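Everything below concerns the one structure shown next.
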Amino acid sequence: MKGLIRLLVVVGLAASCVTSSNGSQSSPSTDRGVALDAYLAELNDENFSGAILVAKDFVPIATRATGYADRARGAPNATITPFNIASVTKVFTAAAIGQLVDQGKVSLDDPLTKFLPTYPKPMGDQITVAMLVGQTAGTGDYLGDPGYLRVRDSFESVAGLIGAVNTGVPPGAVPGKTFAPSTTAYLLLGAVIEKASGRDYYEYMDNEVFARAGIAAGFLYNTEEQRTDRGFALGYTPDESTNWSGLPVRGTPASGAYATAPDLLSFHKALATGVLLKPETAKRLVVLPSSSGQAPTGLTSGVFAGDDVGASAVFAMTPSGYTVIVLANVGGAAQPVADRILKLLPSGS
């Protein structure tokens with residue numbers, strides 16, 4: 001599914017190189033470190049195109065970058081290459097909502113109509129901010145809306161995009177009943193952020209989330225000028241063509257932001273240390289359903305994955321302090337690599 005983001009169970013800076021801070025003394029953790037290094041060494045330009053960073057307590061312990069950010073120019077991927085992170089973008093928007101909760105400008109129990117009074121009723125009165133964050137509001141996927149295609153290359157604001165697509169609840173859907181990945185839910189959260197903060201969504205994210213978290217990329221414009229200046233990775237399809245013509249003018253509250261592996265590590269640290277929002281608020285931001293029998297962890301830990309044409313990303317935060325980041329400029333490539341890495345981490349991670 002385009003823009004898919006899902007939660008998995010946590011079970012455990014140069015191109016084409018492996019680095020590690022593992023010690024020389026043998027121990028279970030050292031053995032696992034050796035196994036991790038050995039696995040990363042197996043990745044090469046032929047079987048993976050992207051960047052990987054593994055950290056413990058926010059200190060990198062292994063990195064790897066292979067493949068090309070621009071095959072035509074021979075520009076290699078590096079750990080500092082910005083990648084399209086697809087729907088992992090949602091964690092940035094959720095963090096912004098958490099900030100506004102901390103400021104008393106938003107309650108997770110607030111109905112959508114408090115911020116968007118023209119949203120169709122009675123659904124707008126039934127949908128809460130928490131449902132939008134948790135993707136249980138019953139809203140759908142604006143990426144498949146014909147209106148999105150009309151404005152994809154030209155929209156200048158969240159309001160402009162919302163005005164072009166159907167953001168309503170499809171017939172038969174019941175707010176709060178079922179989890180279903182929803183780009184529309186996060187597009188609506190972008191509008192909530194604008195209304196509650198009194199600021200443009202992109203300006204708010206640049207100054208209150210990205211700058212404070214130490215994220216250098218963010219919502220870069222998909223233009224040749226930006227690509228030349230920032231060196232972000234082009235996405236590639238199985239037939240070797242790029243995804244360039246299908247990208248929107250820039251990312252949205254639901255998908256398409258750019259981040260480097262160090263950007264996401266910095267974001268994890270900012271979340272964990274309370275730089276962005278209160279830790280107790282982060283725990284209440286339940287973006288995805290928890291595994292059976294486990295309590296929700298919100299934005300404090302979990303494995304968040306996004307996949308799109310020419311882009312895939314996994315951002316994992318484990319309860320024991322590991323960060324696993326896998327970014328790829330090929331669809332479907334990040335998930336299996338992240339799964340393997342997570343299995344190689346110490347038990348209980």
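Every chain in the structure tokens takes a letter, A first, then B, and so on in the order presented; its residues are numbered from 1, and the ligands are numbered from 1 following the presented order.
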- Contact residues around Val314 in chain A with only C-alpha atoms at 6 Å, ignoring same-chain residues under 2 positions, as a list of chain:residue names: A:Phe304, A:Ala305, A:Ile325, A:Val326
Take the residues that were just selected and, keeping N, CA, C and O atoms, output them as a short mmCIF file (atom, residue, chain, number, x, y, z; two decimals), in the first residue's frame.
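Wrote it out as result_21.cif, contents follow:
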data_model
loop_
_atom_site.label_atom_id
_atom_site.label_comp_id
_atom_site.auth_asym_id
_atom_site.auth_seq_id
_atom_site.Cartn_x
_atom_site.Cartn_y
_atom_site.Cartn_z
N PHE A 304 8.84 2.20 13.20
CA PHE A 304 7.99 2.91 12.26
C PHE A 304 8.58 2.73 10.86
O PHE A 304 9.78 2.93 10.65
N ALA A 305 7.74 2.34 9.93
CA ALA A 305 8.22 2.05 8.58
C ALA A 305 7.37 2.74 7.53
O ALA A 305 6.15 2.81 7.66
N ILE A 325 18.18 2.82 12.12
CA ILE A 325 17.69 3.64 11.02
C ILE A 325 18.15 3.03 9.71
O ILE A 325 19.36 2.82 9.51
N VAL A 326 17.21 2.72 8.85
CA VAL A 326 17.52 2.17 7.53
C VAL A 326 16.76 3.01 6.51
O VAL A 326 15.53 3.07 6.54
#
- Neighbour list for Pro238 in chain A as a ChimeraX atom specification, cut-off 9 Å, only C-alpha atoms, skip fewer than 6 positions in-chain: /A:310,330-331
Hey, can you spit out that residue selection with C-alpha atoms as a PDB file, in the first residue's frame?
ATOM      1  CA  GLY A 310      11.457   4.705  -4.979  1.00  0.00           C
ATOM      2  CA  VAL A 330      14.382   1.864  -3.648  1.00  0.00           C
ATOM      3  CA  GLY A 331      10.897   0.779  -2.628  1.00  0.00           C
TER       4      GLY A 331
END
- Query: Leaving out Asp229 in chain A and any residue of its chain fewer than 4 positions from it, which residues lie within 12 Å of it when counting only C-alpha atoms, given as a PyMOL selection string?
  - Reply: chain A and resi 81-82+217+220-225+233
- Task: Mind the document's chain letters and residue numbers, and return as number ranges by chain the residues of range 94-301 of chain A that DSSP labels helix (DSSP H, G or I).
- Result: A: 94-102, 112-114, 123-126, 129-134, 142-144, 146-151, 158-162, 183-197, 201-213, 224-230, 244-246, 261-272, 279-284
Go ahead and save the residues from that selection, with C-alpha atoms, as a tab-separated table (two decimals), in the first residue's frame.
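Saved to result06.tsv:
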chain	number	residue	atom	x	y	z
A	94	ALA	CA	2.70	13.71	15.73
A	95	ALA	CA	5.53	15.35	17.68
A	96	ALA	CA	4.22	18.79	16.69
A	97	ILE	CA	0.78	17.85	18.00
A	98	GLY	CA	2.44	16.78	21.26
A	99	GLN	CA	4.10	20.16	21.58
A	100	LEU	CA	0.74	21.89	21.25
A	101	VAL	CA	-0.71	19.53	23.85
A	102	ASP	CA	2.08	20.58	26.23
A	112	LEU	CA	-11.82	17.90	14.87
A	113	THR	CA	-14.52	20.54	14.50
A	114	LYS	CA	-12.92	22.61	17.26
A	123	MET	CA	-18.32	12.87	11.79
A	124	GLY	CA	-16.30	15.98	12.56
A	125	ASP	CA	-17.74	16.07	16.08
A	126	GLN	CA	-16.97	12.38	16.60
A	129	VAL	CA	-7.30	14.52	17.64
A	130	ALA	CA	-6.22	11.23	19.24
A	131	MET	CA	-8.06	9.28	16.53
A	132	LEU	CA	-6.27	11.23	13.82
A	133	VAL	CA	-2.89	10.62	15.47
A	134	GLY	CA	-3.70	6.92	15.91
A	142	TYR	CA	-5.81	11.40	-0.21
A	143	LEU	CA	-2.95	10.17	-2.42
A	144	GLY	CA	-5.52	8.30	-4.49
A	146	PRO	CA	-8.05	12.82	-8.34
A	147	GLY	CA	-7.79	16.27	-6.76
A	148	TYR	CA	-4.37	15.43	-5.39
A	149	LEU	CA	-3.03	14.72	-8.86
A	150	ARG	CA	-4.31	18.10	-10.05
A	151	VAL	CA	-2.40	20.05	-7.38
A	158	VAL	CA	-1.68	22.56	3.65
A	159	ALA	CA	-4.88	24.52	3.14
A	160	GLY	CA	-4.41	24.40	-0.62
A	161	LEU	CA	-3.99	20.65	-0.56
A	162	ILE	CA	-6.95	20.08	1.77
A	183	THR	CA	-2.60	9.94	4.89
A	184	THR	CA	-5.76	12.03	5.14
A	185	ALA	CA	-5.70	11.86	8.94
A	186	TYR	CA	-2.26	13.42	9.02
A	187	LEU	CA	-3.15	16.00	6.41
A	188	LEU	CA	-5.97	17.06	8.74
A	189	LEU	CA	-3.51	17.14	11.66
A	190	GLY	CA	-1.46	19.60	9.63
A	191	ALA	CA	-4.50	21.87	9.56
A	192	VAL	CA	-4.99	21.38	13.32
A	193	ILE	CA	-1.39	22.48	13.88
A	194	GLU	CA	-1.96	25.60	11.80
A	195	LYS	CA	-5.18	26.53	13.60
A	196	ALA	CA	-3.89	25.84	17.11
A	197	SER	CA	-0.52	27.54	16.61
A	201	TYR	CA	2.45	24.27	9.03
A	202	TYR	CA	5.77	24.29	7.20
A	203	GLU	CA	7.06	27.32	9.09
A	204	TYR	CA	6.04	25.72	12.38
A	205	MET	CA	7.76	22.44	11.55
A	206	ASP	CA	10.96	24.18	10.40
A	207	ASN	CA	11.30	26.24	13.57
A	208	GLU	CA	9.67	24.20	16.33
A	209	VAL	CA	10.41	20.60	15.32
A	210	PHE	CA	13.28	20.38	12.84
A	211	ALA	CA	15.44	23.19	14.26
A	212	ARG	CA	14.93	22.08	17.87
A	213	ALA	CA	15.58	18.43	17.05
A	224	GLU	CA	16.45	20.40	-9.48
A	225	GLU	CA	17.91	23.38	-7.63
A	226	GLN	CA	17.22	21.83	-4.22
A	227	ARG	CA	18.49	18.44	-5.36
A	228	THR	CA	21.74	20.01	-6.54
A	229	ASP	CA	22.16	22.10	-3.39
A	230	ARG	CA	21.15	19.45	-0.84
A	244	TRP	CA	11.10	12.14	-9.91
A	245	SER	CA	8.06	12.89	-12.08
A	246	GLY	CA	5.66	11.40	-9.53
A	261	ALA	CA	20.27	8.90	9.22
A	262	PRO	CA	21.91	11.32	11.71
A	263	ASP	CA	18.79	13.54	11.47
A	264	LEU	CA	16.61	10.69	12.74
A	265	LEU	CA	19.08	9.80	15.48
A	266	SER	CA	18.99	13.42	16.62
A	267	PHE	CA	15.18	13.34	16.52
A	268	HIS	CA	15.13	10.22	18.72
A	269	LYS	CA	17.42	11.91	21.24
A	270	ALA	CA	15.26	15.05	21.25
A	271	LEU	CA	12.18	12.93	21.94
A	272	ALA	CA	13.83	10.87	24.68
A	279	PRO	CA	8.12	12.33	27.72
A	280	GLU	CA	4.72	11.59	29.24
A	281	THR	CA	3.07	13.38	26.31
A	282	ALA	CA	5.17	11.42	23.82
A	283	LYS	CA	3.89	8.21	25.39
A	284	ARG	CA	0.29	9.33	24.81
- Query: Pick from A:Gly67, A:Ala51, A:Leu285, A:Leu247: nearest to Ser107 in chain A, with only C-alpha atoms counted?
  - Reply: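 Ranked by minimum distance to Ser107 in chain A, first place goes to A:Leu285.
Here CA of Ala69 in chain A and CA of Thr318 in chain A stand 28.5 Å from one another.
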- Using only C-alpha atoms, pick whichever of A:Ile52, A:Ala259, A:Pro170, A:Ser182 has the shortest atom-to-atom distance to Gly231 in chain A. A:Ala259
